[in-house]
Amino acid sequence: EPEVTQTPSHQVTQMGQEVILRCVPISNHLYFYWYRQILGQKVEFLVSFYNNEISEKSEIFDDQFSVERPDGSNFTLKIRSTKLEDSAMYFCASSQFRTEAFFGQGTRLTVV
Amino acid sequence: GQQLNQSPQSMFIQEGEDVSMNCTSSSIFNTWLWYKQDPGEGPVLLIALYKAGELTSNGRLTAQFGITRKDSFLNISASIPSDVGIYFCAGNNNDMRFGAGTRLTVKP
């Protein structure tokens, strides 16, 4: 069964460093998303991406964040200068028709 | 904004009991979805609802898309221990927004 894969599963980084979280969406999907979940809290929308551009973004997705689809398969989230409060699980998701989305297993980001 | 209010926050039930949880919003959504999340895992899609009034089942799970398109409920019948987890509703227009989750505990 096709699935969304995310790497790495866990990333530890120093405050102020840049991180890139990687996702391979399901191959025939057209819509891609990043979500964040701080420990014990709800899943928060960050950004949606379609046709090689951002279609929606939340107030969380400030200038420190960027997304890219560098080739036909990867979808990346970059955090330019990490802060302690960026520590969270980051989930990538994809959907075929902008209806139901399928999630990866997440990357646990720990900023120290 | 597209806030979703999900209730209850948590439920403690006995194995075999039925469960009901719901989500309301001030915004209209084109699609309502229900996900389950186990610890350390990503949300897994349980049921997707596409039309107002739609009632859909997936095994012991039943969900409905409210007529106003501003609410949805999820029922689980005859709960079992593996139903334990956090259940999230989500409303989707261009950006899927999640409710705060219902944490379900099932006592054997």
# chains A, B, ... in the order shown; residues from 1 in each chain; ligands from 1

$ residues_around --residues "stretch 19-24 of chain B" --least-positions-apart "5" --cutoff "9 Å" --atoms "only C-alpha atoms" --output "ChimeraX atom specification"
/B:3-8,11,13,70-79,87-90,99,102,104

$ write_last_selection --atoms "N, CA, C and O atoms" --output "JSON list (two decimals), in the first residue's frame"
[["chain", "number", "residue", "atom", "x", "y", "z"],
["B", 3, "GLN", "N", -11.79, 27.55, 13.20],
["B", 3, "GLN", "CA", -11.60, 26.81, 14.45],
["B", 3, "GLN", "C", -12.57, 25.65, 14.52],
["B", 3, "GLN", "O", -13.75, 25.81, 14.20],
["B", 4, "LEU", "N", -12.06, 24.51, 14.98],
["B", 4, "LEU", "CA", -12.90, 23.35, 15.21],
["B", 4, "LEU", "C", -12.96, 23.07, 16.71],
["B", 4, "LEU", "O", -11.93, 23.03, 17.37],
["B", 5, "ASN", "N", -14.16, 22.91, 17.22],
["B", 5, "ASN", "CA", -14.34, 22.61, 18.64],
["B", 5, "ASN", "C", -14.72, 21.14, 18.76],
["B", 5, "ASN", "O", -15.80, 20.74, 18.32],
["B", 6, "GLN", "N", -13.84, 20.37, 19.36],
["B", 6, "GLN", "CA", -14.07, 18.93, 19.46],
["B", 6, "GLN", "C", -14.35, 18.57, 20.91],
["B", 6, "GLN", "O", -13.69, 19.06, 21.83],
["B", 7, "SER", "N", -15.35, 17.71, 21.11],
["B", 7, "SER", "CA", -15.67, 17.28, 22.47],
["B", 7, "SER", "C", -16.14, 15.83, 22.46],
["B", 7, "SER", "O", -16.65, 15.33, 21.45],
["B", 8, "PRO", "N", -15.96, 15.11, 23.59],
["B", 8, "PRO", "CA", -15.28, 15.60, 24.78],
["B", 8, "PRO", "C", -13.77, 15.58, 24.60],
["B", 8, "PRO", "O", -13.26, 15.03, 23.63],
["B", 11, "MET", "N", -12.30, 10.57, 27.29],
["B", 11, "MET", "CA", -13.34, 9.63, 27.69],
["B", 11, "MET", "C", -12.69, 8.39, 28.28],
["B", 11, "MET", "O", -11.71, 7.88, 27.72],
["B", 13, "ILE", "N", -13.94, 4.68, 29.24],
["B", 13, "ILE", "CA", -15.10, 3.80, 29.10],
["B", 13, "ILE", "C", -14.69, 2.36, 29.34],
["B", 13, "ILE", "O", -13.51, 2.00, 29.31],
["B", 70, "LYS", "N", -21.26, 22.33, 9.18],
["B", 70, "LYS", "CA", -20.44, 22.93, 10.22],
["B", 70, "LYS", "C", -20.19, 21.96, 11.38],
["B", 70, "LYS", "O", -19.64, 22.36, 12.40],
["B", 71, "ASP", "N", -20.59, 20.72, 11.22],
["B", 71, "ASP", "CA", -20.37, 19.78, 12.31],
["B", 71, "ASP", "C", -20.33, 18.34, 11.81],
["B", 71, "ASP", "O", -20.77, 18.02, 10.71],
["B", 72, "SER", "N", -19.78, 17.49, 12.67],
["B", 72, "SER", "CA", -19.68, 16.07, 12.34],
["B", 72, "SER", "C", -19.59, 15.30, 13.65],
["B", 72, "SER", "O", -19.13, 15.82, 14.67],
["B", 73, "PHE", "N", -20.08, 14.06, 13.64],
["B", 73, "PHE", "CA", -19.88, 13.20, 14.81],
["B", 73, "PHE", "C", -19.28, 11.88, 14.38],
["B", 73, "PHE", "O", -19.38, 11.47, 13.22],
["B", 74, "LEU", "N", -18.65, 11.23, 15.35],
["B", 74, "LEU", "CA", -18.09, 9.90, 15.16],
["B", 74, "LEU", "C", -18.60, 9.01, 16.29],
["B", 74, "LEU", "O", -18.51, 9.38, 17.46],
["B", 75, "ASN", "N", -19.15, 7.87, 15.95],
["B", 75, "ASN", "CA", -19.55, 6.87, 16.93],
["B", 75, "ASN", "C", -18.70, 5.62, 16.77],
["B", 75, "ASN", "O", -18.42, 5.20, 15.64],
["B", 76, "ILE", "N", -18.33, 5.04, 17.90],
["B", 76, "ILE", "CA", -17.65, 3.74, 17.90],
["B", 76, "ILE", "C", -18.54, 2.80, 18.69],
["B", 76, "ILE", "O", -18.87, 3.09, 19.85],
["B", 77, "SER", "N", -18.91, 1.71, 18.10],
["B", 77, "SER", "CA", -19.78, 0.76, 18.81],
["B", 77, "SER", "C", -18.94, -0.38, 19.38],
["B", 77, "SER", "O", -17.90, -0.75, 18.81],
["B", 78, "ALA", "N", -19.40, -0.89, 20.51],
["B", 78, "ALA", "CA", -18.79, -2.07, 21.14],
["B", 78, "ALA", "C", -17.26, -1.93, 21.22],
["B", 78, "ALA", "O", -16.52, -2.71, 20.63],
["B", 79, "SER", "N", -16.81, -0.93, 21.97],
["B", 79, "SER", "CA", -15.38, -0.60, 22.01],
["B", 79, "SER", "C", -14.54, -1.79, 22.50],
["B", 79, "SER", "O", -15.00, -2.63, 23.29],
["B", 87, "TYR", "N", -8.49, 10.64, 18.96],
["B", 87, "TYR", "CA", -9.30, 10.78, 17.75],
["B", 87, "TYR", "C", -9.41, 12.26, 17.41],
["B", 87, "TYR", "O", -9.75, 13.08, 18.27],
["B", 88, "PHE", "N", -9.09, 12.58, 16.17],
["B", 88, "PHE", "CA", -9.15, 13.96, 15.72],
["B", 88, "PHE", "C", -10.19, 14.10, 14.61],
["B", 88, "PHE", "O", -10.22, 13.30, 13.67],
["B", 89, "CYS", "N", -11.01, 15.14, 14.72],
["B", 89, "CYS", "CA", -11.79, 15.52, 13.57],
["B", 89, "CYS", "C", -10.98, 16.52, 12.75],
["B", 89, "CYS", "O", -10.08, 17.18, 13.29],
["B", 90, "ALA", "N", -11.28, 16.62, 11.49],
["B", 90, "ALA", "CA", -10.61, 17.59, 10.63],
["B", 90, "ALA", "C", -11.60, 18.07, 9.59],
["B", 90, "ALA", "O", -12.37, 17.28, 9.03],
["B", 99, "GLY", "N", -9.37, 19.44, 14.95],
["B", 99, "GLY", "CA", -9.84, 19.69, 16.30],
["B", 99, "GLY", "C", -8.76, 19.33, 17.30],
["B", 99, "GLY", "O", -7.70, 18.79, 16.93],
["B", 102, "THR", "N", -9.91, 13.94, 20.94],
["B", 102, "THR", "CA", -10.58, 13.26, 22.04],
["B", 102, "THR", "C", -9.71, 12.07, 22.41],
["B", 102, "THR", "O", -9.47, 11.19, 21.57],
["B", 104, "LEU", "N", -9.24, 8.70, 24.07],
["B", 104, "LEU", "CA", -10.11, 7.60, 24.48],
["B", 104, "LEU", "C", -9.30, 6.56, 25.24],
["B", 104, "LEU", "O", -8.27, 6.08, 24.76]]

$ interface_residues --of "chain B" --to "chain A" --cutoff "7 Å" --atoms "only C-alpha atoms" --output "list of chain:residue names"
B:Thr31, B:Leu33, B:Glu41, B:Gly42, B:Pro43, B:Val44, B:Leu45, B:Ala48, B:Asn92, B:Asn94, B:Asp95, B:Met96, B:Arg97, B:Phe98, B:Gly99, B:Ala100, B:Gly101

$ atom_distance --atom1 "atom CA of A:Ser27" --atom2 "atom CA of A:Ser95"
9.9 Å

$ atom_distance --atom1 "atom CA of B:Leu61" --atom2 "atom CA of B:Pro39"
20.4 Å

$ atom_distance --atom1 "atom CA of A:Ser9" --atom2 "atom CA of A:Ser73"
18.2 Å

$ closest_residue --among "A:Thr82, A:Leu30, A:Asn52, A:Phe97" --to "B:Tyr50" --atoms "only C-alpha atoms"
A:Phe97

$ closest_residue --among "A:Val111, A:Ile54, A:Leu84, A:Glu18" --to "A:Val67" --atoms "only C-alpha atoms"
A:Ile54

$ residues_around --residues "B:Glu15" --least-positions-apart "6" --cutoff "8 Å" --atoms "only C-alpha atoms" --output "JSON, numbers by chain"
{"B": [78, 79, 80, 81, 106, 107, 108]}

$ write_last_selection --atoms "N, CA and C atoms" --output "compact mmCIF listing (two decimals), in the first residue's frame"
# COMPACT_ATOMS: atom_id res chain seq x y z
N ALA B 78 -19.40 -0.89 20.51
CA ALA B 78 -18.79 -2.07 21.14
C ALA B 78 -17.26 -1.93 21.22
N SER B 79 -16.81 -0.93 21.97
CA SER B 79 -15.38 -0.60 22.01
C SER B 79 -14.54 -1.79 22.50
N ILE B 80 -13.31 -1.82 21.99
CA ILE B 80 -12.34 -2.85 22.37
C ILE B 80 -11.06 -2.15 22.80
N PRO B 81 -10.18 -2.83 23.53
CA PRO B 81 -8.97 -2.17 24.04
C PRO B 81 -8.12 -1.47 22.96
N VAL B 106 -9.94 2.83 27.09
CA VAL B 106 -10.88 1.71 27.20
C VAL B 106 -10.37 0.75 28.26
N LYS B 107 -11.17 0.55 29.27
CA LYS B 107 -10.78 -0.36 30.36
C LYS B 107 -11.31 -1.76 30.05
N PRO B 108 -10.42 -2.75 30.12
CA PRO B 108 -10.87 -4.12 29.81
C PRO B 108 -11.85 -4.64 30.85
